[in-house]
Amino acid sequence: MKTTIKLLLTLGLLSLGQAFAQNYVSVQTQTVVPAVADFKEQVSKEILSPPELKIHNKRPKDKMILPEYDAPKDNVRLFQGQPKVSLPQIAVAPPAPSVGFVGLIDNNTSIPPDVNGAVGPNHVMTTLNTEIKIQNKTGGAVSSLSNEGFWTVEETFDIYDPKILFDPFTQRYYFVDLDGAYSATSNILLAVSATSDPTGAWHQYKIKTNTGELGIWFDFPSMGYNKDWLVVSGNMFTMAGSFSKVKLFVIKKSDILAGLSTTPTEISVTSGFTISPAVVADNTTNTVPLICTWSSSSGLYKVFKISGVPPAVPTLSDVGLPSVGSGNSWSGYTPNYNQAPQLGMTSATNGMDDGDHRMSNAVLKGGKLWAVHNTWSISSGVYRGVVRWLSINPTTAAINEWGKIEDTGITNMGSYSVPTNSYSYPSIAVNNNQDVMIGFGHHSPTIYGTASYVLRKNGDANFSSVYQYKNGTNKYFKTYSGSANRWGDYTMTMVDPSNGTDFWVIGEYADAPGGGYDKWGTYWAKIQPNPVVASIVLGTLPSSTLCANKGYAVPFSITGTFNAGNQFKTQISNASGSFSSPLQIGSLTSVSAGNIASTVPNSVTPGGTGYKLRIVSTNPVVTSTSTANVTIIPQNRAIGSGTTTPYEATEKITNSGTLNLTGTREFKAGKSITLTPTPGAAITIPNTSVFTARIVGCVY
């Protein structure tokens, strides 16, 4: 959320029985009625009455420490193998993005931005603490709106912690914001798009989070779904900032997809923190797995599941405690703020704040529960951010495999040392080919705040090296009178619903300062795990003879991806077929196949049959795999008796009666055609004959 909370460890280590064997009660306390809001209409209203920009996050903050729990040994599923560690200096590089563009830029009203977004069939939607932006899938701006301008059901106007998902099975966006921090008026704001087009109508719901317990409020939502339920989970805190419990809201999808009233099921969990429901990436599974970190010192996690098929009331139960073992324990936080390094830092504490070890997100794909979160390792007193990922059997809670994205290097800065590379705020996605991508924040004394990712293709032994897809451009330090140079609080990695194989990631980078403050920016990247090499194939021309100053549609097809701003260009060779100095005769700005309007200028001389035609592109630079042999006919051309095809003239003679035609013929271009007989010869044409001559060439 927008403010860091001091988490009081009043829970300590719970007793063995309390920690694992919990009984969860499903209750229904409210029925919520939707309001319909049209995105385009809300934009129009905001243009007429712009919102007042207010700076959030001016409250001083204390370092967050998460609760730790223990568990009975007979419920622990200890992993017996070795972790897979991806070291940036030895792994194979992943593919570069095929598309990349800026999302939203800091408007100096909130730290952190809480980076989040979702990709649909035709749009990307960025949802931050500051505002909302809709773009096409090449980065073109479509529409934008403030959070306050979008929501019509909020109560406090203190809106924070956005999360959004696109469901490829229903073709809808699910968007959650929270309303009322440190307030008895604590709500989940849920919006469901009426179609796959986010610029249209949305059904908005307001769900009260603290019915009958007004002394606590809801923070840091996590969201997942299966074919039947949408699940929103969050941490409940007292007004003083002490952790109370986790609360789950399980919402019937068929209601909200139809824009109907719905009665959420509420489930309280007293042990656990940031319990992340999985996105179930199939349309058949009846349960929703959930996972949280449990004990950093013991290397423990906890897996739950939500069961039930409508009209039954959904229920929560424990599955088990996966463990990587105490030998693979981690630090759940850094003792001080701002230890993540950045270029230009002058002390150990004017880097960036990189959060804590809570679970980031989870995905169920191919029978495996994939999850990711941040941790820290300590070497010589230096804390480095390490991304930990897991693949778990959701039925038994046994770990299939797990690993780390880590760089163990330390850089001496003179009076202090920092990690050479440190990582934060990861997110994970799995595509239809079982390829896995993780996006995260990247910190180093040699770079400004940067957005990066790693990729593991199905069958690979480990993840790739770290790819920096958007490097920061300036030092960033902004606290709004607080202690923390906030970054994050999250990134988002997802699969493109258009094909189920391409990945998208949105992350944060340090942008140029403005308005008297350092500024952050957000950036989108599309990654094809198995990119098809871009190629151009020249199609069949409408004619192999091209007349000067006449327009032709030159067809072509493509494979692979061409990037925004790309131009396809028709080029023609010289008279001998060489492209050493090609002449451009047409262009088309496009990323798709089509036809290029092309015209041969009359300056192409001398004309003839030796010319070739091809197509080239600019982004990426590609030359067509084939060329076409063409004949070029200039518009003005003198033609003599020795001229070869296509410049030779032919005569057409129609007559009635006798025709005597002898002698040689000399044809010249112009308004008239003359016949010059051989000396001593004669041409006799009866008066009733008609003689016409036609020069084979171009008609204008």
# chains A, B, ... in the order shown; residues from 1 in each chain; ligands from 1

$ select_by_dssp --residues "segment 218-382 of chain A" --states "alpha helix (DSSP H)" --output "list in words"
Lys253, Ser254, Asp255, Ile256 and Leu257 of chain A

$ residues_around --residues "segment 508-525 of chain A" --least-positions-apart "4" --cutoff "8 Å" --atoms "only C-alpha atoms" --output "ChimeraX atom specification"
/A:97-108,115,441,448-451,469-478,487-488,491,504

$ atom_distance --atom1 "atom CA of Asn361 of chain A" --atom2 "atom CA of Trp229 of chain A"
17.0 Å

$ closest_residue --among "A:Thr561, A:Ser44, A:Thr349, A:Ser590" --to "Tyr337 of chain A" --atoms "only C-alpha atoms"
A:Thr349

$ select_by_dssp --residues "segment 94-124 of chain A" --states "strand (DSSP E or B)" --output "ChimeraX atom specification"
/A:99-105,117-119,123-124

$ closest_residue --among "A:Ser452, A:Thr627, A:Ser222, A:Asn147" --to "Cys292 of chain A" --atoms "only C-alpha atoms"
A:Ser222

$ residues_around --residues "segment 194-197 of chain A" --least-positions-apart "5" --cutoff "7 Å" --atoms "only C-alpha atoms" --output "PyMOL selection string"
chain A and resi 120+171-173+202-203

$ atom_distance --atom1 "atom CA of Val630 of chain A" --atom2 "atom CA of Ser557 of chain A"
19.3 Å

$ residues_around --residues "segment 230-237 of chain A" --least-positions-apart "2" --cutoff "7 Å" --atoms "only C-alpha atoms" --output "ChimeraX atom specification"
/A:216-226,239,241-253,273-277

$ closest_residue --among "A:Thr570, A:Thr199, A:Ser444, A:Ser110" --to "Thr479 of chain A" --atoms "only C-alpha atoms"
A:Ser110

$ atom_distance --atom1 "atom CA of Gly212 of chain A" --atom2 "atom CA of Asp161 of chain A"
23.4 Å
